[in-house]
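**Student:** Coordinates in my_file33.cif, mmCIF, C-alpha atoms and all ligand atoms, are listed below.
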```cif
data_entry
#
loop_
_atom_site.label_atom_id
_atom_site.label_comp_id
_atom_site.auth_asym_id
_atom_site.auth_seq_id
_atom_site.Cartn_x
_atom_site.Cartn_y
_atom_site.Cartn_z
CA LEU A 1 67.50 109.06 86.45
CA ALA A 2 67.11 110.58 83.03
CA GLY A 3 69.69 108.05 81.84
CA THR A 4 67.69 105.21 83.31
CA ARG A 5 64.56 106.30 81.53
CA THR A 6 66.36 106.51 78.20
CA ALA A 7 67.83 103.04 78.64
CA VAL A 8 64.51 101.39 79.37
CA GLY A 9 63.04 103.28 76.46
CA GLU A 10 65.85 102.05 74.21
CA SER A 11 64.97 98.46 74.96
CA HIS A 12 61.31 99.23 74.13
CA THR A 13 59.87 97.80 77.31
CA ASN A 14 56.23 98.62 77.77
CA TYR A 15 54.88 98.20 81.22
CA LEU A 16 51.93 99.17 83.35
CA GLN A 17 52.12 102.60 84.89
CA PRO A 18 52.63 102.37 88.66
CA ASP A 19 49.74 104.01 90.48
CA ALA A 20 50.68 106.08 93.51
CA LEU A 21 47.30 105.26 95.09
CA THR A 22 47.21 101.51 94.43
CA PRO A 23 49.31 99.15 96.55
CA SER A 24 50.79 96.13 94.78
CA ARG A 25 49.55 93.75 97.48
CA ARG A 26 47.09 94.38 100.29
CA ASP A 27 47.54 91.08 102.09
CA VAL A 28 51.24 91.10 102.87
CA LEU A 29 54.05 93.37 104.05
CA VAL A 30 55.85 94.71 101.01
CA LEU A 31 58.21 97.11 102.78
CA THR A 32 60.02 96.76 106.11
CA PRO A 33 60.19 99.63 108.63
CA TRP A 34 63.75 100.25 107.36
CA LEU A 35 62.36 100.54 103.82
CA ALA A 36 63.65 97.28 102.40
CA PRO A 37 61.27 95.72 99.86
CA VAL A 38 59.84 92.27 100.58
CA VAL A 39 59.60 90.37 97.30
CA TRP A 40 56.24 88.72 96.64
CA GLU A 41 54.48 87.77 93.42
CA GLY A 42 52.65 90.84 92.21
CA THR A 43 55.14 93.38 93.57
CA PHE A 44 57.54 93.56 90.62
CA ASP A 45 57.62 93.72 86.84
CA ILE A 46 60.27 91.29 85.67
CA ASP A 47 60.63 92.75 82.17
CA LEU A 48 61.31 96.15 83.62
CA LEU A 49 63.82 94.72 86.11
CA ASN A 50 65.59 92.68 83.44
CA ALA A 51 65.93 95.69 81.16
CA GLN A 52 67.47 97.66 84.04
CA PHE A 53 69.75 94.80 85.06
CA LYS A 54 71.09 94.22 81.53
CA LEU A 55 72.64 97.69 81.67
CA GLN A 56 74.96 96.51 84.47
CA ASN A 57 76.21 93.53 82.43
CA ALA A 58 76.61 91.82 85.79
CA THR A 59 77.46 88.22 86.61
CA ILE A 60 75.79 86.30 89.41
CA GLY A 61 77.61 83.66 91.45
CA LEU A 62 75.60 80.84 93.02
CA THR A 63 77.42 78.91 95.76
CA VAL A 64 76.29 75.43 96.72
CA PHE A 65 77.83 72.66 98.83
CA ALA A 66 77.56 68.97 97.96
CA VAL A 67 79.54 67.00 100.53
CA LYS A 68 79.29 63.25 101.14
CA ASN A 69 75.75 61.89 100.49
CA TYR A 70 74.39 65.29 99.59
CA MET A 71 76.09 64.92 96.20
CA SER A 72 72.87 63.10 95.25
CA PHE A 73 70.95 66.42 95.40
CA LEU A 74 73.29 68.28 93.05
CA GLU A 75 71.98 67.17 89.67
CA LEU A 76 68.38 68.26 90.32
CA PHE A 77 69.67 71.46 91.90
CA LEU A 78 71.69 72.38 88.80
CA ARG A 79 69.14 71.14 86.26
CA SER A 80 66.30 73.06 87.89
CA ALA A 81 68.51 76.14 88.28
CA GLU A 82 69.21 76.02 84.55
CA LYS A 83 65.47 76.22 83.99
CA TYR A 84 64.54 78.89 86.51
CA PHE A 85 67.55 80.67 88.09
CA MET A 86 68.53 83.94 86.42
CA ALA A 87 67.44 82.74 82.98
CA GLY A 88 69.18 84.76 80.27
CA HIS A 89 71.84 86.19 82.60
CA ARG A 90 75.49 85.39 83.25
CA VAL A 91 75.87 82.84 86.06
CA ASN A 92 78.85 81.11 87.70
CA TYR A 93 77.89 78.09 89.74
CA TYR A 94 80.45 77.52 92.48
CA VAL A 95 80.11 73.91 93.57
CA PHE A 96 82.01 73.11 96.77
CA THR A 97 82.53 69.39 97.17
CA ASP A 98 84.76 66.62 98.53
CA GLN A 99 84.05 64.53 95.38
CA PRO A 100 84.87 66.68 92.32
CA GLU A 101 84.75 63.64 90.01
CA LEU A 102 81.06 63.12 90.80
CA VAL A 103 79.87 66.60 89.82
CA PRO A 104 77.34 66.06 87.00
CA GLN A 105 78.31 67.55 83.63
CA LEU A 106 75.45 69.55 82.22
CA PRO A 107 75.32 71.25 78.84
CA LEU A 108 75.32 74.98 79.58
CA PRO A 109 74.60 77.94 77.32
CA GLY A 110 77.22 80.68 76.85
CA GLY A 111 77.73 82.92 79.86
CA ARG A 112 76.92 80.16 82.33
CA ARG A 113 79.50 77.79 83.82
CA VAL A 114 80.15 75.42 86.68
CA ILE A 115 83.29 75.92 88.75
CA VAL A 116 84.17 73.05 91.07
CA LEU A 117 85.97 73.92 94.29
CA ARG A 118 87.33 71.35 96.69
CA THR A 119 86.12 71.58 100.26
CA GLN A 120 86.64 69.64 103.46
CA SER A 121 84.45 66.73 104.44
CA HIS A 122 83.79 66.97 108.16
CA GLN A 123 82.56 64.05 110.25
CA ARG A 124 79.70 65.87 111.94
CA TRP A 125 76.91 67.27 109.75
CA GLN A 126 76.84 70.36 111.91
CA ASP A 127 80.42 71.09 110.87
CA ILE A 128 79.65 70.43 107.18
CA SER A 129 76.84 72.96 107.36
CA MET A 130 78.72 75.57 109.44
CA GLN A 131 82.01 75.42 107.51
CA ARG A 132 80.18 76.98 104.57
CA MET A 133 80.52 80.45 106.09
CA GLY A 134 84.32 80.21 106.25
CA ALA A 135 84.55 78.61 102.81
CA ILE A 136 82.39 81.28 101.16
CA SER A 137 84.30 84.14 102.81
CA HIS A 138 87.59 82.55 101.74
CA GLY A 139 86.26 82.01 98.21
CA ALA A 140 85.09 85.63 98.07
CA ARG A 141 88.56 86.89 98.91
CA GLN A 142 90.25 84.40 96.55
CA ARG A 143 88.10 84.73 93.47
CA PHE A 144 84.44 85.75 93.76
CA LEU A 145 85.33 89.42 94.17
CA LYS A 146 87.12 89.29 90.81
CA GLU A 147 84.72 87.02 88.98
CA VAL A 148 81.16 88.00 89.89
CA ASP A 149 79.11 91.00 91.02
CA TYR A 150 76.51 89.28 93.18
CA LEU A 151 76.65 86.12 95.26
CA VAL A 152 73.69 83.91 96.09
CA CYS A 153 74.29 81.19 98.69
CA ALA A 154 72.00 78.17 98.69
CA ASP A 155 71.43 74.80 100.32
CA VAL A 156 71.68 71.92 97.83
CA ASP A 157 68.60 70.00 99.04
CA MET A 158 66.17 72.13 97.08
CA GLU A 159 64.57 72.41 93.68
CA PHE A 160 63.86 75.50 91.62
CA ARG A 161 60.22 75.15 90.50
CA ASP A 162 59.45 78.61 89.18
CA HIS A 163 61.09 81.87 88.19
CA VAL A 164 63.91 83.15 90.43
CA GLY A 165 65.50 86.16 88.78
CA VAL A 166 67.10 89.55 89.28
CA GLU A 167 64.22 90.71 91.49
CA ILE A 168 66.07 89.00 94.37
CA LEU A 169 69.27 90.99 93.93
CA SER A 170 70.29 93.81 96.24
CA SER A 171 73.28 94.76 98.44
CA LEU A 172 72.21 92.26 101.09
CA PHE A 173 69.19 89.98 101.08
CA GLY A 174 67.74 87.30 103.31
CA THR A 175 64.75 84.97 103.00
CA ILE A 176 61.88 84.68 105.48
CA HIS A 177 61.71 81.13 106.86
CA PRO A 178 58.35 79.61 105.81
CA ASP A 179 57.65 78.16 109.26
CA PHE A 180 58.10 81.56 110.94
CA MET A 181 56.25 83.89 108.61
CA ALA A 182 53.35 84.38 111.03
CA VAL A 183 55.19 83.98 114.30
CA SER A 184 56.03 86.39 117.10
CA ARG A 185 59.71 87.15 117.75
CA TYR A 186 59.40 85.39 121.11
CA SER A 187 58.88 82.14 119.22
CA PHE A 188 61.76 82.54 116.75
CA SER A 189 64.27 79.71 117.12
CA ASN A 190 67.13 82.10 117.77
CA GLU A 191 70.07 81.24 120.01
CA ARG A 192 69.02 82.15 123.58
CA ARG A 193 72.22 81.50 125.54
CA PRO A 194 73.96 84.82 126.21
CA GLU A 195 77.32 83.04 126.16
CA SER A 196 76.99 82.34 122.43
CA GLN A 197 78.04 84.86 119.78
CA ALA A 198 74.70 84.13 118.09
CA TYR A 199 72.68 85.26 121.14
CA ILE A 200 69.56 87.31 120.45
CA PRO A 201 67.39 88.44 123.37
CA GLU A 202 63.75 87.27 123.32
CA ASP A 203 62.41 90.77 122.77
CA GLU A 204 64.53 91.36 119.65
CA GLY A 205 64.25 90.09 116.10
CA ASP A 206 62.55 91.34 112.94
CA PHE A 207 62.04 88.18 110.92
CA TYR A 208 63.41 84.67 111.23
CA TYR A 209 65.64 84.14 108.20
CA ILE A 210 66.38 80.73 106.71
CA GLY A 211 70.00 79.64 106.32
CA ALA A 212 69.24 78.03 102.99
CA PHE A 213 69.05 81.16 100.78
CA PHE A 214 70.76 84.52 101.21
CA GLY A 215 73.06 86.76 99.23
CA GLY A 216 73.95 90.19 97.99
CA SER A 217 76.88 92.05 96.48
CA VAL A 218 80.13 90.09 96.81
CA ALA A 219 81.46 92.71 99.25
CA GLU A 220 78.40 92.42 101.52
CA VAL A 221 78.33 88.61 101.39
CA TYR A 222 82.02 88.62 102.21
CA ARG A 223 81.35 90.77 105.32
CA LEU A 224 78.45 88.57 106.39
CA THR A 225 80.16 85.22 105.91
CA GLU A 226 83.41 86.41 107.50
CA ALA A 227 81.54 87.77 110.55
CA CYS A 228 79.57 84.53 110.93
CA HIS A 229 82.72 82.45 110.46
CA GLN A 230 84.54 84.43 113.18
CA ALA A 231 81.55 84.12 115.52
CA ILE A 232 81.39 80.34 114.93
CA MET A 233 85.12 80.05 115.73
CA ILE A 234 84.72 82.01 118.98
CA ASP A 235 81.80 79.78 120.00
CA LYS A 236 83.87 76.71 119.16
CA ALA A 237 86.75 77.91 121.36
CA ASN A 238 84.18 78.25 124.15
CA HIS A 239 82.80 74.73 123.45
CA LEU A 240 79.53 76.19 122.18
CA GLU A 241 77.50 75.49 119.06
CA ALA A 242 74.49 77.65 118.25
CA ILE A 243 71.09 75.94 118.24
CA TRP A 244 70.72 76.09 114.43
CA GLN A 245 74.41 76.30 113.61
CA GLU A 246 75.25 78.99 111.04
CA GLU A 247 71.56 79.83 110.58
CA SER A 248 71.62 81.23 114.12
CA HIS A 249 74.66 83.37 113.31
CA LEU A 250 73.03 84.54 110.08
CA ASN A 251 70.00 85.70 112.07
CA LYS A 252 72.20 87.58 114.51
CA TYR A 253 74.06 89.30 111.67
CA LEU A 254 70.89 90.28 109.78
CA LEU A 255 69.31 91.67 112.94
CA TYR A 256 72.13 94.17 113.41
CA HIS A 257 72.95 94.68 109.70
CA LYS A 258 69.53 95.15 108.17
CA PRO A 259 69.14 93.47 104.78
CA THR A 260 68.31 95.82 101.91
CA LYS A 261 65.82 93.32 100.46
CA LEU A 262 63.84 90.39 101.85
CA LEU A 263 62.52 87.41 99.97
CA SER A 264 59.10 86.04 100.87
CA PRO A 265 58.65 82.31 101.54
CA GLU A 266 57.88 81.92 97.81
CA TYR A 267 61.66 81.58 97.68
CA MET A 268 61.87 78.74 100.22
CA CYS A 269 58.65 76.85 100.44
CA ASP A 270 58.63 73.63 102.42
CA HIS A 271 56.31 70.65 102.66
CA ASP A 272 54.28 72.11 105.55
CA LEU A 273 53.62 75.35 103.67
CA LEU A 274 52.66 73.41 100.54
CA GLN A 275 50.11 71.38 102.51
CA ASP A 276 48.72 74.52 104.09
CA MET A 277 48.35 76.10 100.63
CA GLN A 278 46.56 73.07 99.22
CA HIS A 279 44.27 73.04 102.24
CA ARG A 280 43.36 76.72 101.79
CA LYS A 281 42.72 76.20 98.09
CA LYS A 282 40.26 73.39 98.88
CA LEU A 283 38.42 75.70 101.26
CA GLY A 284 38.29 78.38 98.58
CA LEU A 285 40.50 80.72 100.58
CA SER A 286 43.00 83.00 98.88
CA ASN A 287 46.65 82.15 99.24
CA ILE A 288 49.35 84.40 100.64
CA VAL A 289 52.00 82.42 98.79
CA ARG A 290 50.91 82.37 95.17
CA ARG A 291 53.96 80.79 93.59
CA ILE A 292 56.41 78.19 94.78
CA ARG A 293 59.70 79.31 93.32
CA ILE A 294 62.06 77.21 95.40
CA PHE A 295 61.01 74.04 97.15
CA ALA A 296 62.95 72.65 100.11
CA LEU A 297 63.03 68.92 99.45
CA LEU A 298 61.74 66.58 102.08
CA LYS A 299 64.47 64.44 103.51
CA ASN A 300 64.61 61.67 105.95
CA LYS A 301 65.27 63.21 109.37
CA GLU A 302 67.07 59.99 110.35
CA VAL A 303 69.74 60.73 107.77
CA LYS A 304 70.40 63.99 109.51
CA SER A 305 70.77 62.52 112.99
CA ASN A 306 72.82 59.48 111.89
CA ASN A 307 75.24 61.14 109.49
C1 LIG B 1 73.43 67.86 106.79
C2 LIG B 1 72.64 67.32 107.82
C3 LIG B 1 72.58 65.95 108.04
C4 LIG B 1 73.30 65.13 107.24
C5 LIG B 1 74.08 65.67 106.23
C6 LIG B 1 74.17 67.03 106.01
C7 LIG B 1 74.97 67.57 104.91
C8 LIG B 1 74.81 68.88 104.52
C9 LIG B 1 75.86 66.74 104.14
O1 LIG B 1 76.10 65.54 104.41
N1 LIG B 1 76.51 67.26 103.06
C10 LIG B 1 76.31 68.57 102.70
O2 LIG B 1 76.87 69.00 101.68
N2 LIG B 1 75.50 69.38 103.45
C11 LIG B 1 75.35 70.80 103.04
O3 LIG B 1 74.87 71.58 104.12
C12 LIG B 1 74.31 70.90 101.91
O4 LIG B 1 74.64 71.96 101.06
C13 LIG B 1 73.06 71.19 102.69
O5 LIG B 1 72.03 71.75 101.91
C14 LIG B 1 73.60 72.13 103.77
C15 LIG B 1 72.73 72.27 105.03
O6 LIG B 1 72.30 71.00 105.49
P1 LIG B 1 70.77 70.60 105.39
O7 LIG B 1 70.28 71.00 104.02
O8 LIG B 1 70.58 69.17 105.73
O9 LIG B 1 70.13 71.49 106.47
P2 LIG B 1 68.53 71.89 106.59
O10 LIG B 1 67.88 71.74 105.27
O11 LIG B 1 67.93 71.13 107.70
O12 LIG B 1 68.62 73.38 106.87
C16 LIG B 1 68.66 74.43 107.78
O13 LIG B 1 69.49 74.30 108.92
C17 LIG B 1 70.89 74.14 108.64
C18 LIG B 1 71.63 74.18 109.95
O14 LIG B 1 71.26 73.08 110.75
C19 LIG B 1 71.41 75.23 107.73
O15 LIG B 1 71.42 76.49 108.38
C20 LIG B 1 70.56 75.33 106.48
O16 LIG B 1 71.02 76.41 105.68
C21 LIG B 1 69.13 75.56 106.89
O17 LIG B 1 68.33 75.60 105.72
MN MN B 2 68.60 72.19 103.42
#
```
In structure tokens, what does this structure look like?
Ligand code: 2GW
Ligand code: MN
**Tutor:**
Amino acid sequence: LAGTRTAVGESHTNYLQPDALTPSRRDVLVLTPWLAPVVWEGTFDIDLLNAQFKLQNATIGLTVFAVKNYMSFLELFLRSAEKYFMAGHRVNYYVFTDQPELVPQLPLPGGRRVIVLRTQSHQRWQDISMQRMGAISHGARQRFLKEVDYLVCADVDMEFRDHVGVEILSSLFGTIHPDFMAVSRYSFSNERRPESQAYIPEDEGDFYYIGAFFGGSVAEVYRLTEACHQAIMIDKANHLEAIWQEESHLNKYLLYHKPTKLLSPEYMCDHDLLQDMQHRKKLGLSNIVRRIRIFALLKNKEVKSNN
């Protein structure tokens, strides 16, 4: 710890003294019962975290899938990530696609690059979404373990709208689904058929995690994605598909392998949450979510059912 203090001192970072008697937020949970931090605006000092992180000289991998029509989301995803995702750090974007020739070419600063990986194009959207677990675990074994320190796995139908930095990194992190932030475990949309590998009993569950944003060290993400991939294959052999595909398996995994950090819905805000926030603002009420860092883009539900 002495070393840590010297290093921060060396980079001349001045920051507010933490006060043992003053909580960072009074309106939200900032620590789970298993002592994992929940990341909200106001709970971290980014300059302090960046100074600490620089000492690791680490590289962050960001995996994203753009298959079939969803290629149309990729440009905004990458452009907005260049503005807000891990600014000033080393980043490898791993773009999985069936159309490598359509990946937009963006000018990137040193230390940041796009790596295009070919992936299968399944007929059913459910298979496109679920195959990501197998593809990420395979990619981890093949190259991510050698090339990056952390892996962040994201949906492509989203836009970075504010800072998303090293405060999210930890051995294993998940993101609280915005629609389930104030909901009892009985109402989580977990898989309820005991025959499925994703089964979670009604009286279990900590949080409901969204499938669209999770990550951790490459080793931990490898374990998670490989476990989910195996579970999906077993379900398939039994002619089962979990209610929310790989999101259901992710929730099962994170229930029994507690994440070491949780991201608040600032990191995956959707249209409903945005409307709720605007409504509260009009009424002069304070907002729980103070910053929209990642926005889940609205898409035509028809596209999803007809694809
Ligand atoms: C998916 C649904 C309907 C039609 C097309 C697709 C589709 C998805 C596609 O044609 N091409 C493709 O590349 N994808 C990838 O799968 C893409 O990366 C996309 O972000 C991801 C998940 O599909 P998405 O974004 O339509 O799902 P959501 O936003 O409704 O998300 C939640 O539920 C999913 C499972 O049903 C996943 O768990 C996802 O992570 C969740 O956020
Ligand atoms: Mn999505």
**Student:** Let me have all residues with an atom within 6 Å of ligand LIG 1 (chain B), counting only C-alpha atoms and all ligand atoms, laid out as an MDAnalysis selection string.
**Tutor:** chainID A and resid 64:70 125 128:129 155:157 210:212 244:247 303:304 307
**Student:** Expressed in Å to a single decimal, how great is the separation between CA of Arg113 (chain A) and CA of Val91 (chain A)?
**Tutor:** 6.6 Å
**Student:** Neighbours of Val103 (chain A) within 12 Å (only C-alpha atoms; same-chain residues fewer than 2 positions away dropped), as JSON, numbers by chain?
**Tutor:** {"A": [64, 65, 66, 67, 68, 70, 71, 72, 73, 74, 75, 76, 77, 78, 93, 94, 95, 96, 97, 98, 99, 100, 101, 105, 106, 114, 115, 116, 117, 118]}
**Student:** Taking 2 positions as the minimum chain separation for residues in the same chain, which residues sit within 8 Å of Ala58 (chain A) when counting only C-alpha atoms? Answer as a list in words.
**Tutor:**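 Counting only C-alpha atoms, the residues come to Phe53, Lys54, Gln56, Ile60, Arg90, Val148, Asp149 and Tyr150 of chain A.
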**Student:** Nearest residue to ligand MN 2 (chain B) out of A:Leu262, A:Ala154, A:Ile294, A:Leu35, using only C-alpha atoms and all ligand atoms?
**Tutor:** A:Ala154
**Student:** Between CA of Gly205 (chain A) and CA of Tyr267 (chain A), measure the distance and give it in Å to one decimal.
**Tutor:**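 About the pair CA of Gly205 (chain A) and CA of Tyr267 (chain A): they are 20.5 Å apart.
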**Student:** CA of His138 (chain A) and CA of Glu167 (chain A), how far apart in Å?
**Tutor:**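 Between these atoms lies a distance of 26.8 Å.
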**Student:** Extract, using all atoms listed in the file, all DNA, RNA and protein residues at most 6 Å from Lys261 (chain A), discarding same-chain residues fewer than 4 positions from it, and format them as a short mmCIF file (atom, residue, chain, number, x, y, z; two decimals) with C-alpha atoms, in the coordinates of the input.
**Tutor:**
```cif
data_model
loop_
_atom_site.label_atom_id
_atom_site.label_comp_id
_atom_site.auth_asym_id
_atom_site.auth_seq_id
_atom_site.Cartn_x
_atom_site.Cartn_y
_atom_site.Cartn_z
CA ALA A 36 63.65 97.28 102.40
CA PRO A 37 61.27 95.72 99.86
CA PHE A 173 69.19 89.98 101.08
#
```
**Student:** With only C-alpha atoms as the counted atoms, please give the residues lying no more than 9 Å from Phe188 (chain A), apart from itself and same-chain residues fewer than 2 positions off, as a list in words.
**Tutor:**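 So, after excluding close chain neighbours, the residues are Phe180, Val183, Ser184, Arg185, Tyr186, Asn190, Glu202, Gly205, Phe207 and Tyr208 of chain A.
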**Student:** Return the single residue from A:Leu285, A:Val38, A:Leu31, A:Cys269 that is closest to ligand MN 2 (chain B), with distances computed using only C-alpha atoms and all ligand atoms.
**Tutor:** A:Cys269
**Student:** Looking at A:His177, A:Arg25, A:Lys146, A:His279, which one is nearest to ligand MN 2 (chain B), with distances taken over all atoms listed in the file?
**Tutor:**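 Smallest distance to ligand MN 2 (chain B) is found for A:His177.
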**Student:** Taking all atoms listed in the file into account, which of A:Asp127, A:Asp162, A:Asp270, A:Asp203 comes nearest ligand MN 2 (chain B)?
**Tutor:**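 Using all atoms listed in the file, the shortest distance to ligand MN 2 (chain B) belongs to A:Asp270.
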**Student:** Which residues are close to region 235-243 of chain A, i.e. within 8 Å by only C-alpha atoms, leaving aside same-chain residues fewer than 3 positions away? Reply as a PDB file with C-alpha atoms, in the frame of the given file.
**Tutor:**
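Saved as out_20.pdb:
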```pdb
ATOM      1  CA  SER A 189      64.270  79.710 117.120  1.00  0.00           C
ATOM      2  CA  ASN A 190      67.130  82.100 117.770  1.00  0.00           C
ATOM      3  CA  GLU A 191      70.070  81.240 120.010  1.00  0.00           C
ATOM      4  CA  SER A 196      76.990  82.340 122.430  1.00  0.00           C
ATOM      5  CA  GLN A 197      78.040  84.860 119.780  1.00  0.00           C
ATOM      6  CA  ALA A 198      74.700  84.130 118.090  1.00  0.00           C
ATOM      7  CA  ALA A 231      81.550  84.120 115.520  1.00  0.00           C
ATOM      8  CA  ILE A 232      81.390  80.340 114.930  1.00  0.00           C
ATOM      9  CA  GLU A 246      75.250  78.990 111.040  1.00  0.00           C
ATOM     10  CA  SER A 248      71.620  81.230 114.120  1.00  0.00           C
ATOM     11  CA  HIS A 249      74.660  83.370 113.310  1.00  0.00           C
TER      12      HIS A 249
END
```
**Student:** Which of these residues is nearest to Ala219 (chain A), using all atoms listed in the file: A:Ala140, A:Ala296, A:Leu274, A:Leu169?
**Tutor:**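 Going through A:Ala140, A:Ala296, A:Leu274, A:Leu169 one by one, the smallest distance to Ala219 (chain A) is for A:Ala140.
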**Student:** I need the residue nearest Arg293 (chain A) from this list: A:Ile234, A:Met268, A:Val152, A:Val39. Use only C-alpha atoms for the distance.
**Tutor:**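 That would be A:Met268, the residue with the smallest distance to Arg293 (chain A).
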**Student:** May I ask you to restore N, CA and C atoms in region 232-246 of chain A and write the result as a PDB file, keeping the file's coordinate frame?
**Tutor:**
```
ATOM      1  N   ILE A 232      81.431  81.808 114.769  1.00  0.00           N
ATOM      2  CA  ILE A 232      81.390  80.340 114.930  1.00  0.00           C
ATOM      3  C   ILE A 232      82.687  79.863 115.585  1.00  0.00           C
ATOM      4  N   MET A 233      83.823  80.455 115.169  1.00  0.00           N
ATOM      5  CA  MET A 233      85.120  80.050 115.730  1.00  0.00           C
ATOM      6  C   MET A 233      85.222  80.418 117.215  1.00  0.00           C
ATOM      7  N   ILE A 234      84.698  81.584 117.570  1.00  0.00           N
ATOM      8  CA  ILE A 234      84.720  82.010 118.980  1.00  0.00           C
ATOM      9  C   ILE A 234      83.859  81.045 119.807  1.00  0.00           C
ATOM     10  N   ASP A 235      82.664  80.741 119.307  1.00  0.00           N
ATOM     11  CA  ASP A 235      81.800  79.780 120.000  1.00  0.00           C
ATOM     12  C   ASP A 235      82.526  78.449 120.184  1.00  0.00           C
ATOM     13  N   LYS A 236      83.163  77.999 119.120  1.00  0.00           N
ATOM     14  CA  LYS A 236      83.870  76.710 119.160  1.00  0.00           C
ATOM     15  C   LYS A 236      84.934  76.717 120.261  1.00  0.00           C
ATOM     16  N   ALA A 237      85.693  77.800 120.328  1.00  0.00           N
ATOM     17  CA  ALA A 237      86.750  77.910 121.360  1.00  0.00           C
ATOM     18  C   ALA A 237      86.140  77.860 122.756  1.00  0.00           C
ATOM     19  N   ASN A 238      84.875  78.280 122.858  1.00  0.00           N
ATOM     20  CA  ASN A 238      84.180  78.250 124.150  1.00  0.00           C
ATOM     21  C   ASN A 238      83.304  77.002 124.294  1.00  0.00           C
ATOM     22  N   HIS A 239      83.547  76.006 123.427  1.00  0.00           N
ATOM     23  CA  HIS A 239      82.800  74.730 123.450  1.00  0.00           C
ATOM     24  C   HIS A 239      81.299  74.960 123.301  1.00  0.00           C
ATOM     25  N   LEU A 240      80.938  75.898 122.436  1.00  0.00           N
ATOM     26  CA  LEU A 240      79.530  76.190 122.180  1.00  0.00           C
ATOM     27  C   LEU A 240      79.213  75.976 120.704  1.00  0.00           C
ATOM     28  N   GLU A 241      77.985  75.544 120.440  1.00  0.00           N
ATOM     29  CA  GLU A 241      77.500  75.490 119.060  1.00  0.00           C
ATOM     30  C   GLU A 241      76.079  76.022 119.069  1.00  0.00           C
ATOM     31  N   ALA A 242      75.816  77.015 118.244  1.00  0.00           N
ATOM     32  CA  ALA A 242      74.490  77.650 118.250  1.00  0.00           C
ATOM     33  C   ALA A 242      73.416  76.642 117.873  1.00  0.00           C
ATOM     34  N   ILE A 243      72.197  76.891 118.373  1.00  0.00           N
ATOM     35  CA  ILE A 243      71.090  75.940 118.240  1.00  0.00           C
ATOM     36  C   ILE A 243      70.839  75.506 116.793  1.00  0.00           C
ATOM     37  N   TRP A 244      70.870  76.437 115.853  1.00  0.00           N
ATOM     38  CA  TRP A 244      70.720  76.090 114.430  1.00  0.00           C
ATOM     39  C   TRP A 244      71.979  76.443 113.653  1.00  0.00           C
ATOM     40  N   GLN A 245      73.115  76.128 114.267  1.00  0.00           N
ATOM     41  CA  GLN A 245      74.410  76.300 113.610  1.00  0.00           C
ATOM     42  C   GLN A 245      74.526  77.671 112.933  1.00  0.00           C
ATOM     43  N   GLU A 246      74.982  77.687 111.673  1.00  0.00           N
ATOM     44  CA  GLU A 246      75.250  78.990 111.040  1.00  0.00           C
ATOM     45  C   GLU A 246      73.971  79.781 110.786  1.00  0.00           C
TER      46      GLU A 246
END
```
